[in-house]
$ cat query-v9.cif   # mmCIF, N, CA, C and O atoms
data_input
loop_
_atom_site.label_atom_id
_atom_site.label_comp_id
_atom_site.auth_asym_id
_atom_site.auth_seq_id
_atom_site.Cartn_x
_atom_site.Cartn_y
_atom_site.Cartn_z
N MET A 1 -24.52 -8.72 -2.17
CA MET A 1 -24.88 -9.40 -3.39
C MET A 1 -24.71 -8.41 -4.55
O MET A 1 -25.07 -7.26 -4.44
N LYS A 2 -24.17 -8.91 -5.64
CA LYS A 2 -23.94 -8.07 -6.82
C LYS A 2 -24.75 -8.61 -7.99
O LYS A 2 -24.83 -9.82 -8.20
N SER A 3 -25.35 -7.71 -8.76
CA SER A 3 -26.15 -8.07 -9.93
C SER A 3 -25.34 -7.91 -11.21
O SER A 3 -24.53 -6.99 -11.32
N TYR A 4 -25.59 -8.81 -12.16
CA TYR A 4 -24.88 -8.81 -13.43
C TYR A 4 -25.87 -8.97 -14.57
O TYR A 4 -26.94 -9.55 -14.41
N SER A 5 -25.46 -8.49 -15.73
CA SER A 5 -26.22 -8.66 -16.96
C SER A 5 -25.23 -9.03 -18.05
O SER A 5 -24.16 -8.43 -18.15
N TYR A 6 -25.58 -10.03 -18.85
CA TYR A 6 -24.67 -10.53 -19.88
C TYR A 6 -25.44 -10.65 -21.19
O TYR A 6 -26.47 -11.32 -21.26
N LYS A 7 -24.96 -10.00 -22.24
CA LYS A 7 -25.55 -10.11 -23.58
C LYS A 7 -25.04 -11.39 -24.22
O LYS A 7 -23.82 -11.57 -24.37
N THR A 8 -25.94 -12.25 -24.58
CA THR A 8 -25.56 -13.55 -25.14
C THR A 8 -25.22 -13.44 -26.62
O THR A 8 -25.52 -12.45 -27.27
N SER A 9 -24.62 -14.50 -27.13
CA SER A 9 -24.25 -14.56 -28.55
C SER A 9 -24.52 -15.98 -29.06
O SER A 9 -24.11 -16.95 -28.42
N GLY A 10 -25.23 -16.09 -30.18
CA GLY A 10 -25.44 -17.39 -30.80
C GLY A 10 -26.57 -18.21 -30.22
O GLY A 10 -26.67 -19.40 -30.53
N THR A 11 -27.42 -17.61 -29.40
CA THR A 11 -28.54 -18.34 -28.80
C THR A 11 -29.84 -17.57 -28.98
O THR A 11 -29.84 -16.39 -29.33
N CYS A 12 -30.94 -18.24 -28.72
CA CYS A 12 -32.26 -17.60 -28.79
C CYS A 12 -32.42 -16.57 -27.67
O CYS A 12 -33.08 -15.55 -27.85
N ALA A 13 -31.84 -16.85 -26.52
CA ALA A 13 -31.87 -15.88 -25.42
C ALA A 13 -30.99 -14.69 -25.79
O ALA A 13 -29.93 -14.85 -26.37
N ALA A 14 -31.46 -13.50 -25.45
CA ALA A 14 -30.73 -12.28 -25.79
C ALA A 14 -29.83 -11.79 -24.66
O ALA A 14 -28.83 -11.12 -24.90
N GLU A 15 -30.18 -12.15 -23.44
CA GLU A 15 -29.47 -11.63 -22.27
C GLU A 15 -29.72 -12.55 -21.09
O GLU A 15 -30.76 -13.21 -21.01
N ILE A 16 -28.76 -12.57 -20.18
CA ILE A 16 -28.91 -13.31 -18.93
C ILE A 16 -28.61 -12.35 -17.79
O ILE A 16 -27.58 -11.69 -17.78
N CYS A 17 -29.53 -12.27 -16.84
CA CYS A 17 -29.34 -11.45 -15.64
C CYS A 17 -29.26 -12.39 -14.44
O CYS A 17 -29.96 -13.39 -14.39
N PHE A 18 -28.39 -12.06 -13.50
CA PHE A 18 -28.21 -12.93 -12.33
C PHE A 18 -27.52 -12.16 -11.23
O PHE A 18 -26.97 -11.08 -11.45
N ASP A 19 -27.57 -12.74 -10.04
CA ASP A 19 -26.89 -12.19 -8.88
C ASP A 19 -25.88 -13.22 -8.39
O ASP A 19 -26.08 -14.43 -8.55
N ILE A 20 -24.81 -12.72 -7.78
CA ILE A 20 -23.84 -13.58 -7.10
C ILE A 20 -23.62 -12.99 -5.72
O ILE A 20 -23.31 -11.80 -5.60
N ASP A 21 -23.79 -13.81 -4.69
CA ASP A 21 -23.62 -13.29 -3.33
C ASP A 21 -22.16 -13.39 -2.89
O ASP A 21 -21.30 -13.85 -3.64
N GLU A 22 -21.91 -12.98 -1.67
CA GLU A 22 -20.54 -12.92 -1.13
C GLU A 22 -19.87 -14.28 -1.08
O GLU A 22 -18.66 -14.38 -1.10
N GLY A 23 -20.65 -15.34 -1.01
CA GLY A 23 -20.10 -16.69 -0.96
C GLY A 23 -19.95 -17.33 -2.33
O GLY A 23 -19.77 -18.54 -2.45
N ASP A 24 -20.04 -16.52 -3.40
CA ASP A 24 -19.93 -16.99 -4.78
C ASP A 24 -21.10 -17.89 -5.18
O ASP A 24 -20.96 -18.78 -6.00
N ILE A 25 -22.27 -17.64 -4.56
CA ILE A 25 -23.47 -18.42 -4.82
C ILE A 25 -24.33 -17.70 -5.87
O ILE A 25 -24.58 -16.50 -5.76
N VAL A 26 -24.78 -18.46 -6.86
CA VAL A 26 -25.60 -17.93 -7.95
C VAL A 26 -27.05 -17.82 -7.48
O VAL A 26 -27.61 -18.77 -6.93
N LYS A 27 -27.66 -16.68 -7.76
CA LYS A 27 -29.04 -16.42 -7.35
C LYS A 27 -29.78 -15.71 -8.48
O LYS A 27 -29.18 -15.00 -9.29
N ASN A 28 -31.08 -15.86 -8.50
CA ASN A 28 -31.98 -15.06 -9.35
C ASN A 28 -31.60 -15.03 -10.82
O ASN A 28 -31.59 -13.97 -11.44
N VAL A 29 -31.31 -16.18 -11.41
CA VAL A 29 -30.96 -16.22 -12.84
C VAL A 29 -32.23 -16.01 -13.67
O VAL A 29 -33.24 -16.66 -13.45
N ARG A 30 -32.14 -15.07 -14.61
CA ARG A 30 -33.26 -14.75 -15.48
C ARG A 30 -32.75 -14.62 -16.91
O ARG A 30 -31.83 -13.85 -17.17
N PHE A 31 -33.34 -15.37 -17.82
CA PHE A 31 -33.00 -15.28 -19.24
C PHE A 31 -34.01 -14.37 -19.91
O PHE A 31 -35.21 -14.47 -19.65
N VAL A 32 -33.54 -13.49 -20.79
CA VAL A 32 -34.41 -12.63 -21.58
C VAL A 32 -34.56 -13.30 -22.95
O VAL A 32 -33.56 -13.52 -23.63
N LYS A 33 -35.77 -13.64 -23.29
CA LYS A 33 -36.11 -14.40 -24.49
C LYS A 33 -35.61 -15.83 -24.35
O LYS A 33 -35.35 -16.29 -23.25
N GLY A 34 -35.51 -16.55 -25.43
CA GLY A 34 -35.09 -17.94 -25.37
C GLY A 34 -36.26 -18.88 -25.16
O GLY A 34 -37.41 -18.46 -25.07
N CYS A 35 -35.99 -20.15 -25.08
CA CYS A 35 -37.01 -21.18 -24.87
C CYS A 35 -37.44 -21.13 -23.41
O CYS A 35 -36.71 -21.58 -22.52
N ASN A 36 -38.60 -20.58 -23.16
CA ASN A 36 -39.06 -20.26 -21.82
C ASN A 36 -38.96 -21.43 -20.84
O ASN A 36 -38.43 -21.28 -19.74
N GLY A 37 -39.45 -22.59 -21.21
CA GLY A 37 -39.42 -23.73 -20.29
C GLY A 37 -38.00 -24.17 -19.95
O GLY A 37 -37.67 -24.41 -18.80
N ASN A 38 -37.16 -24.24 -20.97
CA ASN A 38 -35.77 -24.66 -20.75
C ASN A 38 -35.00 -23.65 -19.91
O ASN A 38 -34.25 -24.02 -19.01
N THR A 39 -35.18 -22.37 -20.22
CA THR A 39 -34.42 -21.37 -19.47
C THR A 39 -34.91 -21.27 -18.02
O THR A 39 -34.11 -21.05 -17.12
N GLN A 40 -36.21 -21.48 -17.79
CA GLN A 40 -36.70 -21.53 -16.41
C GLN A 40 -36.10 -22.72 -15.67
O GLN A 40 -35.72 -22.62 -14.50
N GLY A 41 -36.01 -23.85 -16.37
CA GLY A 41 -35.43 -25.05 -15.77
C GLY A 41 -33.97 -24.85 -15.39
O GLY A 41 -33.54 -25.21 -14.29
N ILE A 42 -33.20 -24.28 -16.30
CA ILE A 42 -31.79 -24.00 -16.01
C ILE A 42 -31.69 -23.08 -14.80
O ILE A 42 -30.90 -23.34 -13.88
N SER A 43 -32.50 -22.04 -14.78
CA SER A 43 -32.46 -21.07 -13.68
C SER A 43 -32.73 -21.75 -12.34
O SER A 43 -32.04 -21.48 -11.35
N ARG A 44 -33.70 -22.61 -12.30
CA ARG A 44 -34.05 -23.31 -11.05
C ARG A 44 -32.97 -24.30 -10.63
O ARG A 44 -32.68 -24.46 -9.45
N LEU A 45 -32.39 -24.97 -11.62
CA LEU A 45 -31.37 -25.97 -11.30
C LEU A 45 -30.09 -25.35 -10.72
O LEU A 45 -29.45 -25.95 -9.86
N VAL A 46 -29.72 -24.17 -11.18
CA VAL A 46 -28.46 -23.57 -10.72
C VAL A 46 -28.65 -22.68 -9.49
O VAL A 46 -27.66 -22.28 -8.88
N GLU A 47 -29.88 -22.37 -9.12
CA GLU A 47 -30.15 -21.53 -7.95
C GLU A 47 -29.46 -22.12 -6.71
O GLU A 47 -29.64 -23.29 -6.39
N GLY A 48 -28.64 -21.31 -6.06
CA GLY A 48 -27.98 -21.74 -4.83
C GLY A 48 -26.67 -22.49 -5.03
O GLY A 48 -26.01 -22.85 -4.06
N MET A 49 -26.27 -22.69 -6.28
CA MET A 49 -25.00 -23.39 -6.55
C MET A 49 -23.85 -22.39 -6.57
O MET A 49 -24.03 -21.22 -6.87
N LYS A 50 -22.66 -22.87 -6.27
CA LYS A 50 -21.46 -22.06 -6.41
C LYS A 50 -21.22 -21.82 -7.90
O LYS A 50 -21.44 -22.70 -8.73
N ALA A 51 -20.77 -20.62 -8.23
CA ALA A 51 -20.55 -20.24 -9.62
C ALA A 51 -19.59 -21.20 -10.32
O ALA A 51 -19.83 -21.60 -11.46
N ASP A 52 -18.52 -21.62 -9.67
CA ASP A 52 -17.55 -22.53 -10.29
C ASP A 52 -18.18 -23.87 -10.64
O ASP A 52 -17.84 -24.47 -11.66
N GLU A 53 -19.09 -24.34 -9.82
CA GLU A 53 -19.78 -25.61 -10.08
C GLU A 53 -20.68 -25.47 -11.31
O GLU A 53 -20.72 -26.35 -12.16
N VAL A 54 -21.40 -24.37 -11.40
CA VAL A 54 -22.26 -24.12 -12.57
C VAL A 54 -21.40 -24.08 -13.83
O VAL A 54 -21.73 -24.72 -14.84
N ILE A 55 -20.29 -23.36 -13.78
CA ILE A 55 -19.40 -23.25 -14.93
C ILE A 55 -18.90 -24.63 -15.35
O ILE A 55 -18.96 -24.99 -16.54
N SER A 56 -18.44 -25.43 -14.40
CA SER A 56 -17.88 -26.74 -14.75
C SER A 56 -18.93 -27.68 -15.32
O SER A 56 -18.62 -28.51 -16.18
N ARG A 57 -20.18 -27.55 -14.90
CA ARG A 57 -21.24 -28.42 -15.41
C ARG A 57 -21.78 -27.98 -16.76
O ARG A 57 -22.16 -28.82 -17.58
N LEU A 58 -21.85 -26.68 -17.01
CA LEU A 58 -22.56 -26.18 -18.19
C LEU A 58 -21.68 -25.73 -19.34
O LEU A 58 -22.13 -25.72 -20.49
N LYS A 59 -20.43 -25.36 -19.07
CA LYS A 59 -19.57 -24.83 -20.13
C LYS A 59 -19.37 -25.88 -21.22
O LYS A 59 -19.07 -27.03 -20.95
N GLY A 60 -19.53 -25.44 -22.46
CA GLY A 60 -19.32 -26.32 -23.60
C GLY A 60 -20.58 -27.02 -24.09
O GLY A 60 -20.53 -27.74 -25.09
N THR A 61 -21.72 -26.83 -23.42
CA THR A 61 -22.97 -27.43 -23.88
C THR A 61 -23.32 -26.84 -25.25
O THR A 61 -23.31 -25.63 -25.43
N ASN A 62 -23.62 -27.72 -26.21
CA ASN A 62 -23.84 -27.30 -27.59
C ASN A 62 -25.31 -27.53 -27.97
O ASN A 62 -25.86 -28.59 -27.72
N CYS A 63 -25.93 -26.54 -28.59
CA CYS A 63 -27.33 -26.63 -29.02
C CYS A 63 -27.39 -26.71 -30.54
O CYS A 63 -27.06 -25.74 -31.23
N ASN A 64 -27.77 -27.85 -31.05
CA ASN A 64 -27.99 -28.03 -32.49
C ASN A 64 -26.83 -27.58 -33.36
O ASN A 64 -27.02 -26.98 -34.42
N GLY A 65 -25.62 -27.85 -32.93
CA GLY A 65 -24.44 -27.53 -33.73
C GLY A 65 -24.06 -26.06 -33.77
O GLY A 65 -23.23 -25.66 -34.57
N LYS A 66 -24.65 -25.24 -32.90
CA LYS A 66 -24.36 -23.81 -32.88
C LYS A 66 -23.00 -23.50 -32.26
O LYS A 66 -22.50 -22.39 -32.36
N GLY A 67 -22.43 -24.46 -31.54
CA GLY A 67 -21.17 -24.22 -30.84
C GLY A 67 -21.37 -23.58 -29.49
O GLY A 67 -20.41 -23.35 -28.76
N THR A 68 -22.60 -23.29 -29.13
CA THR A 68 -22.94 -22.72 -27.83
C THR A 68 -24.39 -23.08 -27.52
O THR A 68 -25.04 -23.79 -28.29
N SER A 69 -24.87 -22.63 -26.39
CA SER A 69 -26.25 -22.88 -25.96
C SER A 69 -26.56 -21.92 -24.82
O SER A 69 -25.66 -21.22 -24.34
N CYS A 70 -27.79 -21.90 -24.39
CA CYS A 70 -28.13 -21.05 -23.23
C CYS A 70 -27.34 -21.48 -21.98
O CYS A 70 -26.80 -20.61 -21.29
N PRO A 71 -27.22 -22.79 -21.70
CA PRO A 71 -26.39 -23.17 -20.55
C PRO A 71 -24.93 -22.74 -20.71
O PRO A 71 -24.31 -22.26 -19.76
N ASP A 72 -24.38 -22.91 -21.90
CA ASP A 72 -23.00 -22.49 -22.16
C ASP A 72 -22.86 -20.99 -21.98
O ASP A 72 -21.88 -20.52 -21.39
N GLN A 73 -23.82 -20.22 -22.47
CA GLN A 73 -23.76 -18.77 -22.32
C GLN A 73 -23.84 -18.37 -20.85
O GLN A 73 -23.19 -17.41 -20.43
N LEU A 74 -24.61 -19.10 -20.05
CA LEU A 74 -24.64 -18.83 -18.60
C LEU A 74 -23.27 -19.06 -18.00
O LEU A 74 -22.79 -18.26 -17.19
N ALA A 75 -22.61 -20.15 -18.39
CA ALA A 75 -21.25 -20.42 -17.89
C ALA A 75 -20.31 -19.28 -18.28
O ALA A 75 -19.51 -18.82 -17.45
N LEU A 76 -20.40 -18.82 -19.51
CA LEU A 76 -19.55 -17.72 -19.97
C LEU A 76 -19.88 -16.43 -19.21
O LEU A 76 -18.98 -15.66 -18.87
N ALA A 77 -21.15 -16.21 -18.93
CA ALA A 77 -21.56 -15.03 -18.16
C ALA A 77 -20.98 -15.07 -16.76
O ALA A 77 -20.50 -14.06 -16.24
N LEU A 78 -21.01 -16.24 -16.14
CA LEU A 78 -20.44 -16.38 -14.79
C LEU A 78 -18.93 -16.19 -14.80
O LEU A 78 -18.37 -15.59 -13.88
N GLU A 79 -18.26 -16.67 -15.84
CA GLU A 79 -16.82 -16.44 -15.96
C GLU A 79 -16.52 -14.95 -16.11
O GLU A 79 -15.59 -14.44 -15.49
N ALA A 80 -17.32 -14.26 -16.92
CA ALA A 80 -17.13 -12.81 -17.09
C ALA A 80 -17.35 -12.08 -15.77
O ALA A 80 -16.61 -11.15 -15.44
N ALA A 81 -18.35 -12.49 -15.00
CA ALA A 81 -18.60 -11.87 -13.70
C ALA A 81 -17.44 -12.13 -12.75
O ALA A 81 -17.04 -11.23 -12.00
N ARG A 82 -16.88 -13.33 -12.80
CA ARG A 82 -15.73 -13.65 -11.96
C ARG A 82 -14.54 -12.75 -12.30
O ARG A 82 -13.86 -12.22 -11.42
N GLU A 83 -14.30 -12.55 -13.59
CA GLU A 83 -13.21 -11.66 -14.02
C GLU A 83 -13.44 -10.24 -13.54
O GLU A 83 -12.51 -9.56 -13.14
N GLU A 84 -14.68 -9.80 -13.59
CA GLU A 84 -15.02 -8.44 -13.15
C GLU A 84 -14.78 -8.29 -11.64
O GLU A 84 -14.37 -7.23 -11.19
N ARG A 85 -15.01 -9.36 -10.89
CA ARG A 85 -14.83 -9.30 -9.43
C ARG A 85 -13.37 -9.32 -9.02
O ARG A 85 -13.03 -8.92 -7.91
N LEU A 86 -12.49 -9.83 -9.88
CA LEU A 86 -11.06 -9.94 -9.51
C LEU A 86 -10.35 -8.62 -9.59
O LEU A 86 -10.58 -7.69 -10.16
#
$ encode --input "query-v9.cif" --output "C-alpha coordinates"
Amino acid sequence: MKSYSYKTSGTCAAEICFDIDEGDIVKNVRFVKGCNGNTQGISRLVEGMKADEVISRLKGTNCNGKGTSCPDQLALALEAAREERL
(Lines of atoms letter the chains of each structure in order from A and count residues from 1; the text may use other names and numbers.)
(Lines give C-alpha, C1' and ligand atoms only; values in the text may rest on other atoms or scores of the structure.)
Protein backbone atom coordinates (compact mmCIF):
# COMPACT_ATOMS: atom_id res chain seq x y z
CA MET A 1 0.00 0.00 0.00
CA LYS A 2 1.28 3.46 -0.90
CA SER A 3 0.37 6.73 0.84
CA TYR A 4 -0.21 10.00 -0.99
CA SER A 5 -0.75 13.64 -0.08
CA TYR A 6 -2.27 16.19 -2.45
CA LYS A 7 -2.42 19.98 -1.92
CA THR A 8 -5.81 21.15 -3.11
CA SER A 9 -6.63 24.30 -5.05
CA GLY A 10 -9.85 26.33 -5.03
CA THR A 11 -11.55 24.51 -2.14
CA CYS A 12 -11.99 24.91 1.60
CA ALA A 13 -9.99 21.72 2.13
CA ALA A 14 -6.25 22.38 2.08
CA GLU A 15 -4.97 18.85 1.50
CA ILE A 16 -6.14 15.31 0.85
CA CYS A 17 -4.26 12.30 2.20
CA PHE A 18 -5.06 8.76 1.07
CA ASP A 19 -3.69 5.31 0.43
CA ILE A 20 -3.94 3.13 -2.66
CA ASP A 21 -3.30 -0.59 -2.35
CA GLU A 22 -1.83 -2.99 -4.90
CA GLY A 23 -5.26 -3.61 -6.43
CA ASP A 24 -5.78 0.13 -7.12
CA ILE A 25 -8.23 0.32 -4.19
CA VAL A 26 -8.67 3.65 -2.39
CA LYS A 27 -8.25 3.53 1.39
CA ASN A 28 -8.02 5.90 4.35
CA VAL A 29 -9.07 9.14 2.63
CA ARG A 30 -8.58 12.13 4.95
CA PHE A 31 -9.29 15.76 4.10
CA VAL A 32 -7.39 18.49 5.96
CA LYS A 33 -9.82 21.33 6.71
CA GLY A 34 -12.93 21.73 4.58
CA CYS A 35 -16.55 21.06 5.49
CA ASN A 36 -16.08 18.31 8.06
CA GLY A 37 -19.36 16.45 7.54
CA ASN A 38 -19.16 16.48 3.76
CA THR A 39 -15.52 15.45 3.61
CA GLN A 40 -16.14 12.61 6.07
CA GLY A 41 -19.04 11.48 3.90
CA ILE A 42 -16.94 11.52 0.73
CA SER A 43 -14.19 9.59 2.51
CA ARG A 44 -16.60 6.87 3.65
CA LEU A 45 -18.32 6.60 0.29
CA VAL A 46 -15.11 6.04 -1.68
CA GLU A 47 -13.48 3.66 0.84
CA GLY A 48 -12.77 0.36 -0.91
CA MET A 49 -13.55 1.63 -4.42
CA LYS A 50 -11.19 1.32 -7.36
CA ALA A 51 -9.42 4.62 -8.06
CA ASP A 52 -10.72 4.77 -11.66
CA GLU A 53 -14.32 4.43 -10.44
CA VAL A 54 -13.86 7.27 -7.94
CA ILE A 55 -12.34 9.45 -10.67
CA SER A 56 -15.16 8.76 -13.12
CA ARG A 57 -17.84 9.52 -10.52
CA LEU A 58 -16.33 12.64 -8.92
CA LYS A 59 -14.29 14.45 -11.57
CA GLY A 60 -15.88 17.70 -12.65
CA THR A 61 -18.08 18.18 -9.56
CA ASN A 62 -18.51 21.94 -9.13
CA CYS A 63 -19.06 23.73 -5.79
CA ASN A 64 -20.86 27.07 -5.98
CA GLY A 65 -19.38 28.04 -9.34
CA LYS A 66 -15.76 27.60 -8.21
CA GLY A 67 -15.02 25.26 -11.12
CA THR A 68 -13.91 22.59 -8.64
CA SER A 69 -14.94 21.01 -5.34
CA CYS A 70 -13.57 18.67 -2.70
CA PRO A 71 -14.84 15.63 -4.66
CA ASP A 72 -13.28 17.01 -7.86
CA GLN A 73 -10.00 17.64 -6.05
CA LEU A 74 -10.03 14.02 -4.80
CA ALA A 75 -10.45 12.85 -8.40
CA LEU A 76 -7.52 15.05 -9.45
CA ALA A 77 -5.46 13.73 -6.54
CA LEU A 78 -6.13 10.14 -7.61
CA GLU A 79 -5.16 10.98 -11.19
CA ALA A 80 -1.90 12.52 -9.94
CA ALA A 81 -1.21 9.39 -7.88
CA ARG A 82 -1.88 7.23 -10.94
CA GLU A 83 0.63 9.26 -12.97
CA GLU A 84 3.19 8.90 -10.19
CA ARG A 85 2.72 5.11 -10.20
CA LEU A 86 3.27 4.80 -13.97
$ resolve_selection --input "query-v9.cif" --expression "the PyMOL selection byres (((chain A and resi 1 and name CA) around 12) and name CA)" --output "list in words"
Lys2, Ser3, Tyr4, Phe18, Asp19, Ile20, Asp21, Glu22, Gly23, Asp24, Ile25, Val26, Lys27, Asn28 and Arg85 of chain A
$ resolve_selection --input "query-v9.cif" --expression "the PyMOL selection byres (((chain A and resi 68-82 and name CA) around 9) and name CA)" --output "tab-separated table (two decimals) with N, CA, C and O atoms, in the frame of the given file"
chain	number	residue	atom	x	y	z
A	4	TYR	N	-25.59	-8.81	-12.16
A	4	TYR	CA	-24.88	-8.81	-13.43
A	4	TYR	C	-25.87	-8.97	-14.57
A	4	TYR	O	-26.94	-9.55	-14.41
A	5	SER	N	-25.46	-8.49	-15.73
A	5	SER	CA	-26.22	-8.66	-16.96
A	5	SER	C	-25.23	-9.03	-18.05
A	5	SER	O	-24.16	-8.43	-18.15
A	6	TYR	N	-25.58	-10.03	-18.85
A	6	TYR	CA	-24.67	-10.53	-19.88
A	6	TYR	C	-25.44	-10.65	-21.19
A	6	TYR	O	-26.47	-11.32	-21.26
A	7	LYS	N	-24.96	-10.00	-22.24
A	7	LYS	CA	-25.55	-10.11	-23.58
A	7	LYS	C	-25.04	-11.39	-24.22
A	7	LYS	O	-23.82	-11.57	-24.37
A	8	THR	N	-25.94	-12.25	-24.58
A	8	THR	CA	-25.56	-13.55	-25.14
A	8	THR	C	-25.22	-13.44	-26.62
A	8	THR	O	-25.52	-12.45	-27.27
A	9	SER	N	-24.62	-14.50	-27.13
A	9	SER	CA	-24.25	-14.56	-28.55
A	9	SER	C	-24.52	-15.98	-29.06
A	9	SER	O	-24.11	-16.95	-28.42
A	10	GLY	N	-25.23	-16.09	-30.18
A	10	GLY	CA	-25.44	-17.39	-30.80
A	10	GLY	C	-26.57	-18.21	-30.22
A	10	GLY	O	-26.67	-19.40	-30.53
A	11	THR	N	-27.42	-17.61	-29.40
A	11	THR	CA	-28.54	-18.34	-28.80
A	11	THR	C	-29.84	-17.57	-28.98
A	11	THR	O	-29.84	-16.39	-29.33
A	12	CYS	N	-30.94	-18.24	-28.72
A	12	CYS	CA	-32.26	-17.60	-28.79
A	12	CYS	C	-32.42	-16.57	-27.67
A	12	CYS	O	-33.08	-15.55	-27.85
A	13	ALA	N	-31.84	-16.85	-26.52
A	13	ALA	CA	-31.87	-15.88	-25.42
A	13	ALA	C	-30.99	-14.69	-25.79
A	13	ALA	O	-29.93	-14.85	-26.37
A	16	ILE	N	-28.76	-12.57	-20.18
A	16	ILE	CA	-28.91	-13.31	-18.93
A	16	ILE	C	-28.61	-12.35	-17.79
A	16	ILE	O	-27.58	-11.69	-17.78
A	17	CYS	N	-29.53	-12.27	-16.84
A	17	CYS	CA	-29.34	-11.45	-15.64
A	17	CYS	C	-29.26	-12.39	-14.44
A	17	CYS	O	-29.96	-13.39	-14.39
A	18	PHE	N	-28.39	-12.06	-13.50
A	18	PHE	CA	-28.21	-12.93	-12.33
A	18	PHE	C	-27.52	-12.16	-11.23
A	18	PHE	O	-26.97	-11.08	-11.45
A	20	ILE	N	-24.81	-12.72	-7.78
A	20	ILE	CA	-23.84	-13.58	-7.10
A	20	ILE	C	-23.62	-12.99	-5.72
A	20	ILE	O	-23.31	-11.80	-5.60
A	24	ASP	N	-20.04	-16.52	-3.40
A	24	ASP	CA	-19.93	-16.99	-4.78
A	24	ASP	C	-21.10	-17.89	-5.18
A	24	ASP	O	-20.96	-18.78	-6.00
A	26	VAL	N	-24.78	-18.46	-6.86
A	26	VAL	CA	-25.60	-17.93	-7.95
A	26	VAL	C	-27.05	-17.82	-7.48
A	26	VAL	O	-27.61	-18.77	-6.93
A	29	VAL	N	-31.31	-16.18	-11.41
A	29	VAL	CA	-30.96	-16.22	-12.84
A	29	VAL	C	-32.23	-16.01	-13.67
A	29	VAL	O	-33.24	-16.66	-13.45
A	31	PHE	N	-33.34	-15.37	-17.82
A	31	PHE	CA	-33.00	-15.28	-19.24
A	31	PHE	C	-34.01	-14.37	-19.91
A	31	PHE	O	-35.21	-14.47	-19.65
A	34	GLY	N	-35.51	-16.55	-25.43
A	34	GLY	CA	-35.09	-17.94	-25.37
A	34	GLY	C	-36.26	-18.88	-25.16
A	34	GLY	O	-37.41	-18.46	-25.07
A	38	ASN	N	-37.16	-24.24	-20.97
A	38	ASN	CA	-35.77	-24.66	-20.75
A	38	ASN	C	-35.00	-23.65	-19.91
A	38	ASN	O	-34.25	-24.02	-19.01
A	39	THR	N	-35.18	-22.37	-20.22
A	39	THR	CA	-34.42	-21.37	-19.47
A	39	THR	C	-34.91	-21.27	-18.02
A	39	THR	O	-34.11	-21.05	-17.12
A	42	ILE	N	-33.20	-24.28	-16.30
A	42	ILE	CA	-31.79	-24.00	-16.01
A	42	ILE	C	-31.69	-23.08	-14.80
A	42	ILE	O	-30.90	-23.34	-13.88
A	51	ALA	N	-20.77	-20.62	-8.23
A	51	ALA	CA	-20.55	-20.24	-9.62
A	51	ALA	C	-19.59	-21.20	-10.32
A	51	ALA	O	-19.83	-21.60	-11.46
A	52	ASP	N	-18.52	-21.62	-9.67
A	52	ASP	CA	-17.55	-22.53	-10.29
A	52	ASP	C	-18.18	-23.87	-10.64
A	52	ASP	O	-17.84	-24.47	-11.66
A	54	VAL	N	-21.40	-24.37	-11.40
A	54	VAL	CA	-22.26	-24.12	-12.57
A	54	VAL	C	-21.40	-24.08	-13.83
A	54	VAL	O	-21.73	-24.72	-14.84
A	55	ILE	N	-20.29	-23.36	-13.78
A	55	ILE	CA	-19.40	-23.25	-14.93
A	55	ILE	C	-18.90	-24.63	-15.35
A	55	ILE	O	-18.96	-24.99	-16.54
A	56	SER	N	-18.44	-25.43	-14.40
A	56	SER	CA	-17.88	-26.74	-14.75
A	56	SER	C	-18.93	-27.68	-15.32
A	56	SER	O	-18.62	-28.51	-16.18
A	57	ARG	N	-20.18	-27.55	-14.90
A	57	ARG	CA	-21.24	-28.42	-15.41
A	57	ARG	C	-21.78	-27.98	-16.76
A	57	ARG	O	-22.16	-28.82	-17.58
A	58	LEU	N	-21.85	-26.68	-17.01
A	58	LEU	CA	-22.56	-26.18	-18.19
A	58	LEU	C	-21.68	-25.73	-19.34
A	58	LEU	O	-22.13	-25.72	-20.49
A	59	LYS	N	-20.43	-25.36	-19.07
A	59	LYS	CA	-19.57	-24.83	-20.13
A	59	LYS	C	-19.37	-25.88	-21.22
A	59	LYS	O	-19.07	-27.03	-20.95
A	60	GLY	N	-19.53	-25.44	-22.46
A	60	GLY	CA	-19.32	-26.32	-23.60
A	60	GLY	C	-20.58	-27.02	-24.09
A	60	GLY	O	-20.53	-27.74	-25.09
A	61	THR	N	-21.72	-26.83	-23.42
A	61	THR	CA	-22.97	-27.43	-23.88
A	61	THR	C	-23.32	-26.84	-25.25
A	61	THR	O	-23.31	-25.63	-25.43
A	62	ASN	N	-23.62	-27.72	-26.21
A	62	ASN	CA	-23.84	-27.30	-27.59
A	62	ASN	C	-25.31	-27.53	-27.97
A	62	ASN	O	-25.86	-28.59	-27.72
A	63	CYS	N	-25.93	-26.54	-28.59
A	63	CYS	CA	-27.33	-26.63	-29.02
A	63	CYS	C	-27.39	-26.71	-30.54
A	63	CYS	O	-27.06	-25.74	-31.23
A	64	ASN	N	-27.77	-27.85	-31.05
A	64	ASN	CA	-27.99	-28.03	-32.49
A	64	ASN	C	-26.83	-27.58	-33.36
A	64	ASN	O	-27.02	-26.98	-34.42
A	65	GLY	N	-25.62	-27.85	-32.93
A	65	GLY	CA	-24.44	-27.53	-33.73
A	65	GLY	C	-24.06	-26.06	-33.77
A	65	GLY	O	-23.23	-25.66	-34.57
A	66	LYS	N	-24.65	-25.24	-32.90
A	66	LYS	CA	-24.36	-23.81	-32.88
A	66	LYS	C	-23.00	-23.50	-32.26
A	66	LYS	O	-22.50	-22.39	-32.36
A	67	GLY	N	-22.43	-24.46	-31.54
A	67	GLY	CA	-21.17	-24.22	-30.84
A	67	GLY	C	-21.37	-23.58	-29.49
A	67	GLY	O	-20.41	-23.35	-28.76
A	83	GLU	N	-14.30	-12.55	-13.59
A	83	GLU	CA	-13.21	-11.66	-14.02
A	83	GLU	C	-13.44	-10.24	-13.54
A	83	GLU	O	-12.51	-9.56	-13.14
A	84	GLU	N	-14.68	-9.80	-13.59
A	84	GLU	CA	-15.02	-8.44	-13.15
A	84	GLU	C	-14.78	-8.29	-11.64
A	84	GLU	O	-14.37	-7.23	-11.19
A	85	ARG	N	-15.01	-9.36	-10.89
A	85	ARG	CA	-14.83	-9.30	-9.43
A	85	ARG	C	-13.37	-9.32	-9.02
A	85	ARG	O	-13.03	-8.92	-7.91
A	86	LEU	N	-12.49	-9.83	-9.88
A	86	LEU	CA	-11.06	-9.94	-9.51
A	86	LEU	C	-10.35	-8.62	-9.59
A	86	LEU	O	-10.58	-7.69	-10.16
$ axis_aligned_box --input "query-v9.cif" --around "range 23-29 of chain A" --padding-each-side "5 Å" --output "lines of an AutoDock Vina configuration file"
center_x = -26.5
center_y = -16.4
center_z = -7.3
size_x = 23.5
size_y = 14.8
size_z = 22.7
$ atom_distance --input "query-v9.cif" --atom1 "atom N of Glu15 in chain A" --atom2 "atom N of Lys33 in chain A"
5.8 Å
$ select_by_dssp --input "query-v9.cif" --residues "chain A" --states "strand (DSSP E)" --output "PyMOL selection string"
chain A and resi 2-7+13-20+26-33
$ select_by_dssp --input "query-v9.cif" --residues "range 3-85 of chain A" --states "alpha helix (DSSP H)" --output "VMD selection string"
chain A and resid 36 to 46 51 to 58 70 to 85
$ atom_distance --input "query-v9.cif" --atom1 "CA of Ala14 in chain A" --atom2 "atom C of Glu53 in chain A"
22.0 Å
